[in-house]
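What follows is data.cif (mmCIF, C-alpha atoms and all ligand atoms).
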data_structure
loop_
_atom_site.label_atom_id
_atom_site.label_comp_id
_atom_site.auth_asym_id
_atom_site.auth_seq_id
_atom_site.Cartn_x
_atom_site.Cartn_y
_atom_site.Cartn_z
CA MET A 1 -83.40 -73.75 13.24
CA SER A 2 -86.72 -74.06 11.45
CA GLY A 3 -89.85 -72.16 12.33
CA LEU A 4 -90.84 -68.57 11.95
CA ILE A 5 -88.42 -66.07 13.46
CA LEU A 6 -89.23 -62.38 13.42
CA PRO A 7 -86.48 -59.92 14.29
CA GLY A 8 -86.85 -57.25 16.94
CA PHE A 9 -88.29 -58.83 20.07
CA GLY A 10 -87.90 -55.55 21.91
CA ALA A 11 -89.39 -54.11 25.08
CA LEU A 12 -92.95 -54.96 24.06
CA GLY A 13 -92.04 -58.64 23.73
CA ILE A 14 -90.38 -58.67 27.15
CA ILE A 15 -93.42 -57.02 28.77
CA PHE A 16 -95.74 -59.48 27.03
CA CYS A 17 -93.67 -62.47 28.19
CA SER A 18 -93.45 -61.24 31.78
CA ILE A 19 -97.22 -60.66 32.05
CA LEU A 20 -97.95 -64.01 30.40
CA GLY A 21 -95.49 -65.62 32.85
CA LEU A 22 -97.25 -64.10 35.86
CA LEU A 23 -100.68 -65.27 34.64
CA VAL A 24 -99.48 -68.78 33.74
CA GLY A 25 -97.55 -68.94 37.03
CA SER A 26 -100.74 -68.10 38.91
CA PHE A 27 -102.58 -70.91 37.08
CA ILE A 28 -99.69 -73.33 37.72
CA ASN A 29 -99.90 -72.62 41.47
CA VAL A 30 -103.56 -73.65 41.46
CA ALA A 31 -102.87 -76.69 39.25
CA ALA A 32 -99.93 -77.81 41.43
CA ILE A 33 -102.17 -77.84 44.51
CA ARG A 34 -105.31 -79.30 42.94
CA ILE A 35 -104.01 -82.02 40.58
CA PRO A 36 -102.35 -84.12 43.35
CA LEU A 37 -105.61 -83.85 45.33
CA GLY A 38 -107.53 -85.17 42.33
CA GLN A 39 -109.54 -81.91 42.06
CA SER A 40 -110.57 -80.11 38.89
CA ILE A 41 -108.32 -77.22 37.91
CA ILE A 42 -111.26 -75.21 36.52
CA ALA A 43 -114.05 -75.59 39.07
CA PRO A 44 -114.59 -74.49 41.79
CA PRO A 45 -113.24 -70.96 41.25
CA SER A 46 -110.26 -69.82 43.33
CA HIS A 47 -111.06 -69.66 47.00
CA CYS A 48 -109.27 -69.29 50.33
CA MET A 49 -108.07 -72.75 51.46
CA HIS A 50 -109.00 -71.81 55.04
CA CYS A 51 -112.29 -69.86 55.05
CA HIS A 52 -113.36 -71.08 51.56
CA ARG A 53 -114.52 -67.59 50.57
CA ARG A 54 -114.46 -67.14 46.84
CA LEU A 55 -111.70 -64.77 45.74
CA GLN A 56 -112.55 -61.69 43.70
CA ILE A 57 -110.72 -60.44 40.64
CA VAL A 58 -108.80 -57.92 42.80
CA ASP A 59 -107.51 -60.82 44.95
CA LEU A 60 -106.23 -62.68 41.93
CA ILE A 61 -103.78 -60.22 40.38
CA PRO A 62 -100.45 -62.08 40.39
CA VAL A 63 -97.91 -60.88 42.98
CA ALA A 64 -99.65 -57.47 43.39
CA SER A 65 -102.64 -58.85 45.34
CA TYR A 66 -100.33 -60.80 47.61
CA LEU A 67 -98.20 -57.75 48.37
CA LEU A 68 -101.19 -55.42 48.83
CA LEU A 69 -102.83 -57.84 51.28
CA LYS A 70 -99.45 -58.36 53.00
CA GLY A 71 -99.70 -62.12 52.39
CA LYS A 72 -103.02 -62.55 54.23
CA CYS A 73 -106.52 -63.62 53.19
CA ARG A 74 -108.73 -60.52 52.82
CA TYR A 75 -111.63 -62.27 54.58
CA CYS A 76 -110.25 -64.38 57.41
CA GLY A 77 -106.75 -62.93 57.75
CA ILE A 78 -104.94 -66.30 57.61
CA ARG A 79 -101.39 -66.14 56.29
CA ILE A 80 -100.98 -67.27 52.70
CA SER A 81 -97.80 -69.19 51.91
CA ALA A 82 -95.15 -67.17 50.08
CA ARG A 83 -94.82 -70.08 47.66
CA TYR A 84 -97.78 -68.57 45.80
CA ILE A 85 -95.78 -65.59 44.65
CA LEU A 86 -92.66 -67.75 44.30
CA GLY A 87 -94.33 -69.81 41.55
CA GLU A 88 -95.53 -66.65 39.81
CA LEU A 89 -92.13 -64.99 39.98
CA ILE A 90 -90.29 -68.09 38.73
CA ALA A 91 -92.70 -68.40 35.78
CA CYS A 92 -92.32 -64.69 35.04
CA ALA A 93 -88.51 -64.91 35.06
CA ALA A 94 -88.49 -68.12 32.99
CA PHE A 95 -90.87 -66.70 30.36
CA MET A 96 -88.79 -63.51 30.05
CA LEU A 97 -85.58 -65.51 29.71
CA LEU A 98 -87.08 -67.78 27.06
CA GLY A 99 -88.54 -64.80 25.18
CA LEU A 100 -85.13 -63.17 25.07
CA TRP A 101 -83.52 -66.46 24.06
CA TRP A 102 -85.81 -67.36 21.17
CA GLY A 103 -87.38 -64.06 20.15
CA VAL A 104 -90.77 -64.07 18.46
CA GLY A 105 -90.96 -67.47 16.81
CA THR A 106 -92.70 -70.81 16.89
CA GLU A 107 -90.01 -72.43 19.05
CA LEU A 108 -90.94 -69.95 21.79
CA ILE A 109 -94.33 -71.71 22.07
CA VAL A 110 -92.56 -75.04 22.65
CA ALA A 111 -90.26 -73.40 25.20
CA LEU A 112 -93.09 -71.83 27.20
CA VAL A 113 -95.12 -75.06 27.31
CA LEU A 114 -92.05 -77.02 28.43
CA ALA A 115 -91.22 -74.43 31.10
CA SER A 116 -94.80 -74.57 32.41
CA VAL A 117 -94.72 -78.39 32.63
CA LEU A 118 -91.34 -78.33 34.39
CA LEU A 119 -92.43 -75.71 36.92
CA THR A 120 -95.64 -77.60 37.73
CA ALA A 121 -93.66 -80.83 38.23
CA ALA A 122 -91.11 -79.06 40.44
CA LEU A 123 -93.88 -77.62 42.63
CA THR A 124 -95.88 -80.84 43.04
CA ASP A 125 -92.74 -82.92 43.65
CA SER A 126 -91.29 -80.53 46.23
CA GLN A 127 -94.63 -80.20 48.03
CA GLU A 128 -96.18 -83.66 47.70
CA LEU A 129 -93.32 -85.86 46.43
CA ILE A 130 -95.40 -86.64 43.38
CA ILE A 131 -95.36 -85.79 39.68
CA PRO A 132 -98.98 -86.36 38.64
CA ASP A 133 -99.77 -88.65 35.68
CA LYS A 134 -102.26 -86.05 34.44
CA LEU A 135 -99.42 -83.56 34.03
CA ILE A 136 -97.27 -86.17 32.23
CA TRP A 137 -100.11 -87.01 29.82
CA PHE A 138 -100.70 -83.33 29.09
CA ALA A 139 -96.97 -82.96 28.42
CA ILE A 140 -96.75 -86.02 26.15
CA VAL A 141 -99.78 -85.06 24.03
CA SER A 142 -98.76 -81.40 23.70
CA GLY A 143 -95.12 -82.39 23.12
CA VAL A 144 -96.01 -84.78 20.28
CA VAL A 145 -98.33 -82.26 18.62
CA LEU A 146 -95.84 -79.37 18.97
CA ARG A 147 -92.84 -81.39 17.79
CA LEU A 148 -94.71 -82.78 14.76
CA TRP A 149 -95.34 -79.14 13.85
CA ILE A 150 -92.07 -77.50 14.98
CA HIS A 151 -88.86 -79.52 14.90
CA PRO A 152 -85.50 -77.78 14.55
CA LEU A 153 -83.84 -81.19 15.02
CA PRO A 154 -84.87 -84.20 12.88
CA LEU A 155 -88.05 -85.81 14.24
CA TRP A 156 -86.32 -89.08 15.20
CA ASN A 157 -84.14 -87.08 17.60
CA TYR A 158 -87.15 -86.20 19.77
CA GLY A 159 -88.46 -89.77 19.58
CA LEU A 160 -85.10 -91.13 20.71
CA GLY A 161 -84.94 -88.45 23.40
CA PHE A 162 -88.26 -89.68 24.76
CA LEU A 163 -87.15 -93.32 24.80
CA ALA A 164 -83.67 -92.59 26.16
CA GLY A 165 -84.99 -90.24 28.87
CA GLY A 166 -87.41 -92.85 30.15
CA GLY A 167 -85.00 -95.74 29.61
CA VAL A 168 -81.97 -94.26 31.37
CA LEU A 169 -83.79 -93.47 34.61
CA TYR A 170 -85.67 -96.75 34.42
CA ALA A 171 -82.30 -98.52 34.33
CA VAL A 172 -81.13 -96.51 37.36
CA ALA A 173 -84.34 -97.44 39.17
CA TRP A 174 -83.88 -101.11 38.26
CA VAL A 175 -80.25 -101.21 39.49
CA GLY A 176 -81.31 -99.42 42.70
CA TRP A 177 -84.07 -101.90 43.23
CA LYS A 178 -81.70 -104.84 42.73
CA LEU A 179 -79.05 -103.36 45.05
CA TYR A 180 -81.21 -101.92 47.81
CA GLY A 181 -84.49 -103.73 47.28
CA LYS A 182 -86.36 -100.42 47.28
CA ASP A 183 -87.28 -97.55 44.98
CA VAL A 184 -84.41 -95.09 44.65
CA MET A 185 -86.06 -93.31 41.76
CA GLY A 186 -89.65 -92.18 41.64
CA GLY A 187 -91.76 -93.26 38.68
CA GLY A 188 -92.59 -89.61 38.11
CA ASP A 189 -88.91 -88.75 37.63
CA ILE A 190 -88.61 -91.39 34.90
CA LYS A 191 -91.63 -90.01 33.06
CA LEU A 192 -90.47 -86.42 33.46
CA LEU A 193 -87.05 -87.13 31.89
CA ALA A 194 -88.85 -88.89 29.02
CA VAL A 195 -90.96 -85.74 28.54
CA ILE A 196 -87.82 -83.57 28.56
CA GLY A 197 -86.34 -85.83 25.87
CA LEU A 198 -89.51 -85.51 23.80
CA PHE A 199 -89.44 -81.70 23.96
CA ALA A 200 -85.68 -81.14 23.79
CA GLY A 201 -84.20 -84.11 21.89
CA LEU A 202 -81.59 -86.75 22.62
CA PRO A 203 -78.52 -84.57 23.44
CA ALA A 204 -80.55 -82.60 25.98
CA VAL A 205 -81.28 -85.79 27.95
CA VAL A 206 -77.55 -86.20 28.67
CA VAL A 207 -77.10 -82.55 29.69
CA THR A 208 -80.26 -82.69 31.82
CA LEU A 209 -79.16 -85.77 33.74
CA MET A 210 -75.69 -84.37 34.39
CA ALA A 211 -76.95 -80.92 35.41
CA ALA A 212 -79.73 -82.35 37.62
CA SER A 213 -77.35 -84.76 39.38
CA VAL A 214 -74.73 -82.07 40.01
CA LEU A 215 -77.41 -79.66 41.31
CA ALA A 216 -78.98 -82.31 43.57
CA LEU A 217 -75.61 -83.42 44.98
CA GLY A 218 -74.47 -79.81 45.44
CA VAL A 219 -77.61 -78.64 47.22
CA THR A 220 -77.86 -81.76 49.39
CA GLY A 221 -74.15 -81.48 50.23
CA LEU A 222 -74.56 -77.85 51.26
CA ARG A 223 -77.60 -78.70 53.35
CA ALA A 224 -75.68 -81.50 55.09
CA LEU A 225 -72.82 -79.08 55.72
CA PHE A 226 -75.17 -76.64 57.45
CA GLY A 227 -77.01 -79.35 59.35
CA ALA A 228 -80.21 -78.87 57.37
CA TYR A 229 -80.25 -82.39 55.95
CA HIS A 230 -81.79 -85.20 57.95
CA ARG A 231 -80.55 -88.76 57.43
CA GLY A 232 -82.99 -90.90 55.50
CA GLU A 233 -84.89 -87.87 54.26
CA VAL A 234 -86.54 -88.40 50.87
CA ILE A 235 -85.10 -85.96 48.36
CA ALA A 236 -87.46 -84.73 45.67
CA PHE A 237 -85.47 -85.07 42.45
CA GLY A 238 -88.19 -83.38 40.37
CA PRO A 239 -87.10 -79.76 41.01
CA TYR A 240 -83.52 -80.62 40.00
CA LEU A 241 -84.74 -82.47 36.90
CA ALA A 242 -86.86 -79.44 36.03
CA LEU A 243 -84.01 -76.97 36.32
CA GLY A 244 -81.59 -79.40 34.62
CA GLY A 245 -84.18 -79.95 31.89
CA LEU A 246 -84.36 -76.24 31.15
CA MET A 247 -80.55 -76.13 30.99
CA GLY A 248 -80.50 -79.20 28.74
CA TYR A 249 -83.13 -77.70 26.46
CA LEU A 250 -81.24 -74.40 26.10
CA TRP A 251 -77.64 -75.58 26.18
CA ALA A 252 -77.51 -79.05 24.61
CA GLU A 253 -76.86 -77.65 21.13
CA PRO A 254 -74.29 -74.97 22.12
CA LEU A 255 -72.51 -77.49 24.38
CA ALA A 256 -72.46 -80.16 21.68
CA ALA A 257 -71.21 -77.62 19.13
CA GLY A 258 -68.50 -76.43 21.54
CA TYR A 259 -67.48 -80.03 22.22
CA ARG A 260 -67.29 -80.79 18.50
CA SER A 261 -65.14 -77.74 17.77
CA TRP A 262 -62.95 -78.60 20.78
CA LEU A 263 -62.45 -82.12 19.39
CA LEU A 264 -61.72 -80.70 15.95
CA SER A 265 -59.17 -78.26 17.39
CA LEU A 266 -57.51 -81.16 19.23
CA MET A 267 -57.31 -83.11 15.99
CA GLY A 268 -56.05 -80.00 14.22
CA ALA A 269 -53.22 -79.77 16.76
CA TYR A 270 -51.77 -83.05 15.55
ZN ZN B 1 -109.62 -66.89 54.16
#

Could you render the structure as structure tokens?
Amino acid sequence: MSGLILPGFGALGIIFCSILGLLVGSFINVAAIRIPLGQSIIAPPSHCMHCHRRLQIVDLIPVASYLLLKGKCRYCGIRISARYILGELIACAAFMLLGLWWGVGTELIVALVLASVLLTAALTDSQELIIPDKLIWFAIVSGVVLRLWIHPLPLWNYGLGFLAGGGVLYAVAWVGWKLYGKDVMGGGDIKLLAVIGLFAGLPAVVVTLMAASVLALGVTGLRALFGAYHRGEVIAFGPYLALGGLMGYLWAEPLAAGYRSWLLSLMGAY
């Protein structure tokens, strides 16, 4: 583990991470709606999607504004989707978890950027079945810059992670295309796994793919069981990749270390 680590994250650190998570989550909500529409994420300022009235500062406080206004627009009274606070709450929880995991250190910056990219991709893919190229480019540029600066693993590991992440899903897509003559894997999924490899390294790509596949099969299986799955429905793989990616990023090293010591103990038994 390279990078600057200061001891004593403490209550102040947790509060800082949760507030930062709420603010970033609020921005991600806007970005997830506007990027697929090809709109700027800066201008125009936040407005009601229905009456187009510009929102005031008091309307823009994460979670609190939504609860105070009981989920309605202050001006026209139209219901605002609960997914707005969902994105903010997920970002808040993820930022707190990552703060506790890494403490105050440079790797925390990498973790928060990765979490933000993954959450944005999960939102756009679940809503619009798309992972925007703009988001991928932002992730690749920031990932390269951050990893050149901060790299607990050797640099080549992240490079290989990028290539393997893209390559593995591309191979799946190619086989699917040959077998079924259609796209079984979205191009956005391929790019997102490449990004996860760039941020988290080669071992994380394996953990991510396994975790995402198990999650997707499990959730789809449960939905089928309860009659909530419709035949031929397109399943957005992005949210599963995002959650699996976070697991891969956090657990690839501990899992690999556990696997190594398990192998060693097996060898020791003989
Ligand atoms: Zn309105």

Could you give me, as a tab-separated table, every range 65-96 of chain A residue with an atom at most 7 Å from range 17-39 of chain A, plus its closest atom pair and distance in Å to one decimal, counting all atoms listed in the file, rows ordered by chain then number?
residue	atom	partner	partner_atom	distance
A:Tyr84	CA	A:Asn29	CA	6.3
A:Gly87	CA	A:Gly25	CA	5.6
A:Glu88	CA	A:Gly25	CA	4.1
A:Leu89	CA	A:Leu22	CA	6.6
A:Ala91	CA	A:Gly21	CA	4.9
A:Cys92	CA	A:Gly21	CA	4.0
A:Ala93	CA	A:Ser18	CA	7.0
A:Phe95	CA	A:Gly21	CA	5.4
A:Met96	CA	A:Cys17	CA	5.3

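CA of Ile131 in chain A to CA of Gly188 in chain A spans 5.0 Å [interatomic distance, one decimal].
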
task: Rounded to one decimal place, report the CA of Val214 in chain A-CA of Thr124 in chain A distance in Å.
output: 21.4 Å

message: At a cut-off of 6 Å and counting all atoms listed in the file, what residues surround ligand ZN 1 (chain B)? Please answer as a PyMOL selection string.
response: chain A and resi 48+50-51+73+75-76+78

field: Using only C-alpha atoms: which of A:Ala173, A:Val168, A:Phe199, A:Val184 has the shortest distance to Trp156 in chain A
entry: A:Phe199

Nearest residue to Ala204 in chain A from the set A:Glu253, A:Gly232, A:Asp59, A:Gly186 (distances using only C-alpha atoms):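 Going through A:Glu253, A:Gly232, A:Asp59, A:Gly186 one by one, the smallest distance to Ala204 in chain A is for A:Glu253.
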
message: Which residue is closest to Leu129 in chain A? Choose from A:Trp262, A:Phe16, A:Phe162, A:Phe237 and count only C-alpha atoms.
response: A:Phe237

Nearby residues (all atoms listed in the file) at most 8 Å from Lys191 in chain A, same-chain spacing under 6 positions excluded, as a list in words: Ile136, Gly165 and Gly166 of chain A

Selected residues written out, C-alpha atoms, as a short mmCIF file (atom, residue, chain, number, x, y, z; two decimals), in the coordinates of the input:
data_model
loop_
_atom_site.label_atom_id
_atom_site.label_comp_id
_atom_site.auth_asym_id
_atom_site.auth_seq_id
_atom_site.Cartn_x
_atom_site.Cartn_y
_atom_site.Cartn_z
CA ILE A 136 -97.27 -86.17 32.23
CA GLY A 165 -84.99 -90.24 28.87
CA GLY A 166 -87.41 -92.85 30.15
#

Separation of CA of Leu148 in chain A from CA of Val117 in chain A, in Å and rounded to one decimal: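 CA of Leu148 in chain A sits 18.4 Å away from CA of Val117 in chain A.
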
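All residues of protein, DNA or RNA that reach within 12 Å of range 220-227 of chain A, judged by all atoms listed in the file and not counting those fewer than 6 positions away in the chain, are Ala212, Ser213, Val214, Glu233, Val234, Ile235, Ala236, Phe237 and Tyr240 of chain A.
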
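Nearest residue to Val144 in chain A, choosing from A:Ala11, A:Ala121, A:Leu198, A:Leu179 and counting only C-alpha atoms: A:Leu198.
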
Draw an axis-aligned box tight on the listed atoms of range 242-245 of chain A, then pad every side by 3 Å and write out centre and edge lengths in Å to one decimal as JSON.
{"center_x": -84.2, "center_y": -78.5, "center_z": 34.1, "size_x": 11.3, "size_y": 9.0, "size_z": 10.4}

Nearest to Ser142 in chain A by atom-to-atom distance, counting only C-alpha atoms, from A:Pro44, A:Ile109, A:Leu119, A:Ala64: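 Under the stated criterion, the closest residue is A:Ile109.
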
message: Applying 10 Å and all atoms listed in the file, which residues near Ala82 in chain A remain after dropping the ones on its own chain fewer than 4 positions away? List them as a list in words.
response: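 Once the adjacent positions are removed, what remains is Val63, Tyr66, Gly71, Leu86 and Gly87 of chain A.
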
statement: Gly187 in chain A proximity check over A:Ala200, A:Ile61, A:Ala164, A:Ile130, using all atoms listed in the file: winner is A:Ile130

query: Within 9 Å of (-78.6, -92.0, 32.5), all atoms listed in the file: residues as a PyMOL selection string?
result: chain A and resi 164-165+167-172+205-206+209-210

Could you extract range 154-232 of chain A of the given structure into a file holding C-alpha atoms, as a PDB file, in the first residue's frame?
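Wrote it out as decode05.pdb, contents follow:
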ATOM      1  CA  PRO A 154       2.619  -2.201  -9.989  1.00  0.00           C
ATOM      2  CA  LEU A 155       1.526   0.053 -12.871  1.00  0.00           C
ATOM      3  CA  TRP A 156       1.390  -2.799 -15.410  1.00  0.00           C
ATOM      4  CA  ASN A 157      -1.309  -4.421 -13.261  1.00  0.00           C
ATOM      5  CA  TYR A 158      -3.734  -1.570 -13.973  1.00  0.00           C
ATOM      6  CA  GLY A 159      -2.805  -1.551 -17.665  1.00  0.00           C
ATOM      7  CA  LEU A 160      -3.474  -5.286 -17.911  1.00  0.00           C
ATOM      8  CA  GLY A 161      -6.687  -4.828 -15.922  1.00  0.00           C
ATOM      9  CA  PHE A 162      -7.867  -2.318 -18.510  1.00  0.00           C
ATOM     10  CA  LEU A 163      -7.047  -4.611 -21.439  1.00  0.00           C
ATOM     11  CA  ALA A 164      -8.404  -7.757 -19.778  1.00  0.00           C
ATOM     12  CA  GLY A 165     -11.613  -6.033 -18.640  1.00  0.00           C
ATOM     13  CA  GLY A 166     -12.376  -4.831 -22.136  1.00  0.00           C
ATOM     14  CA  GLY A 167     -11.113  -8.010 -23.796  1.00  0.00           C
ATOM     15  CA  VAL A 168     -13.040 -10.519 -21.689  1.00  0.00           C
ATOM     16  CA  LEU A 169     -16.442  -8.932 -22.253  1.00  0.00           C
ATOM     17  CA  TYR A 170     -15.601  -8.288 -25.895  1.00  0.00           C
ATOM     18  CA  ALA A 171     -14.985 -12.031 -26.264  1.00  0.00           C
ATOM     19  CA  VAL A 172     -18.339 -12.781 -24.594  1.00  0.00           C
ATOM     20  CA  ALA A 173     -20.027 -10.323 -26.962  1.00  0.00           C
ATOM     21  CA  TRP A 174     -18.300 -11.915 -29.964  1.00  0.00           C
ATOM     22  CA  VAL A 175     -19.340 -15.467 -28.985  1.00  0.00           C
ATOM     23  CA  GLY A 176     -22.901 -14.234 -28.348  1.00  0.00           C
ATOM     24  CA  TRP A 177     -22.976 -12.584 -31.718  1.00  0.00           C
ATOM     25  CA  LYS A 178     -21.746 -15.750 -33.442  1.00  0.00           C
ATOM     26  CA  LEU A 179     -24.225 -17.978 -31.574  1.00  0.00           C
ATOM     27  CA  TYR A 180     -27.321 -15.791 -31.583  1.00  0.00           C
ATOM     28  CA  GLY A 181     -26.536 -13.296 -34.316  1.00  0.00           C
ATOM     29  CA  LYS A 182     -27.339 -10.414 -31.976  1.00  0.00           C
ATOM     30  CA  ASP A 183     -25.774  -8.299 -29.250  1.00  0.00           C
ATOM     31  CA  VAL A 184     -25.887 -10.082 -25.908  1.00  0.00           C
ATOM     32  CA  MET A 185     -23.538  -7.593 -24.317  1.00  0.00           C
ATOM     33  CA  GLY A 186     -23.813  -3.848 -24.569  1.00  0.00           C
ATOM     34  CA  GLY A 187     -20.764  -1.912 -25.742  1.00  0.00           C
ATOM     35  CA  GLY A 188     -21.060   0.192 -22.601  1.00  0.00           C
ATOM     36  CA  ASP A 189     -20.640  -2.891 -20.389  1.00  0.00           C
ATOM     37  CA  ILE A 190     -17.376  -3.762 -22.158  1.00  0.00           C
ATOM     38  CA  LYS A 191     -16.012  -0.261 -21.641  1.00  0.00           C
ATOM     39  CA  LEU A 192     -17.155  -0.147 -18.020  1.00  0.00           C
ATOM     40  CA  LEU A 193     -15.332  -3.388 -17.133  1.00  0.00           C
ATOM     41  CA  ALA A 194     -12.214  -1.990 -18.832  1.00  0.00           C
ATOM     42  CA  VAL A 195     -12.530   1.115 -16.631  1.00  0.00           C
ATOM     43  CA  ILE A 196     -12.914  -1.058 -13.516  1.00  0.00           C
ATOM     44  CA  GLY A 197      -9.726  -2.907 -14.519  1.00  0.00           C
ATOM     45  CA  LEU A 198      -7.910   0.403 -14.980  1.00  0.00           C
ATOM     46  CA  PHE A 199      -8.914   1.628 -11.507  1.00  0.00           C
ATOM     47  CA  ALA A 200      -8.722  -1.657  -9.605  1.00  0.00           C
ATOM     48  CA  GLY A 201      -6.151  -3.838 -11.410  1.00  0.00           C
ATOM     49  CA  LEU A 202      -6.176  -7.268 -13.012  1.00  0.00           C
ATOM     50  CA  PRO A 203      -7.335  -9.472 -10.073  1.00  0.00           C
ATOM     51  CA  ALA A 204     -10.330  -7.190  -9.502  1.00  0.00           C
ATOM     52  CA  VAL A 205     -11.567  -7.848 -13.058  1.00  0.00           C
ATOM     53  CA  VAL A 206     -12.025 -11.544 -12.215  1.00  0.00           C
ATOM     54  CA  VAL A 207     -13.814 -10.823  -8.923  1.00  0.00           C
ATOM     55  CA  THR A 208     -15.987  -8.175 -10.607  1.00  0.00           C
ATOM     56  CA  LEU A 209     -17.130 -10.491 -13.393  1.00  0.00           C
ATOM     57  CA  MET A 210     -17.931 -13.310 -10.983  1.00  0.00           C
ATOM     58  CA  ALA A 211     -19.746 -11.064  -8.496  1.00  0.00           C
ATOM     59  CA  ALA A 212     -21.692  -9.226 -11.228  1.00  0.00           C
ATOM     60  CA  SER A 213     -22.769 -12.477 -12.912  1.00  0.00           C
ATOM     61  CA  VAL A 214     -23.883 -14.061  -9.624  1.00  0.00           C
ATOM     62  CA  LEU A 215     -25.794 -10.891  -8.652  1.00  0.00           C
ATOM     63  CA  ALA A 216     -27.465 -10.600 -12.074  1.00  0.00           C
ATOM     64  CA  LEU A 217     -28.459 -14.285 -12.139  1.00  0.00           C
ATOM     65  CA  GLY A 218     -29.663 -14.162  -8.525  1.00  0.00           C
ATOM     66  CA  VAL A 219     -31.782 -11.043  -8.940  1.00  0.00           C
ATOM     67  CA  THR A 220     -33.213 -12.140 -12.297  1.00  0.00           C
ATOM     68  CA  GLY A 221     -33.942 -15.592 -10.859  1.00  0.00           C
ATOM     69  CA  LEU A 222     -35.775 -14.076  -7.897  1.00  0.00           C
ATOM     70  CA  ARG A 223     -37.744 -11.787 -10.179  1.00  0.00           C
ATOM     71  CA  ALA A 224     -38.737 -14.740 -12.374  1.00  0.00           C
ATOM     72  CA  LEU A 225     -39.778 -16.638  -9.253  1.00  0.00           C
ATOM     73  CA  PHE A 226     -42.092 -13.814  -8.213  1.00  0.00           C
ATOM     74  CA  GLY A 227     -43.418 -13.254 -11.723  1.00  0.00           C
ATOM     75  CA  ALA A 228     -41.725  -9.877 -12.057  1.00  0.00           C
ATOM     76  CA  TYR A 229     -39.556 -10.890 -15.002  1.00  0.00           C
ATOM     77  CA  HIS A 230     -40.941 -10.664 -18.515  1.00  0.00           C
ATOM     78  CA  ARG A 231     -39.599 -12.981 -21.207  1.00  0.00           C
ATOM     79  CA  GLY A 232     -37.334 -11.224 -23.664  1.00  0.00           C
TER      80      GLY A 232
END
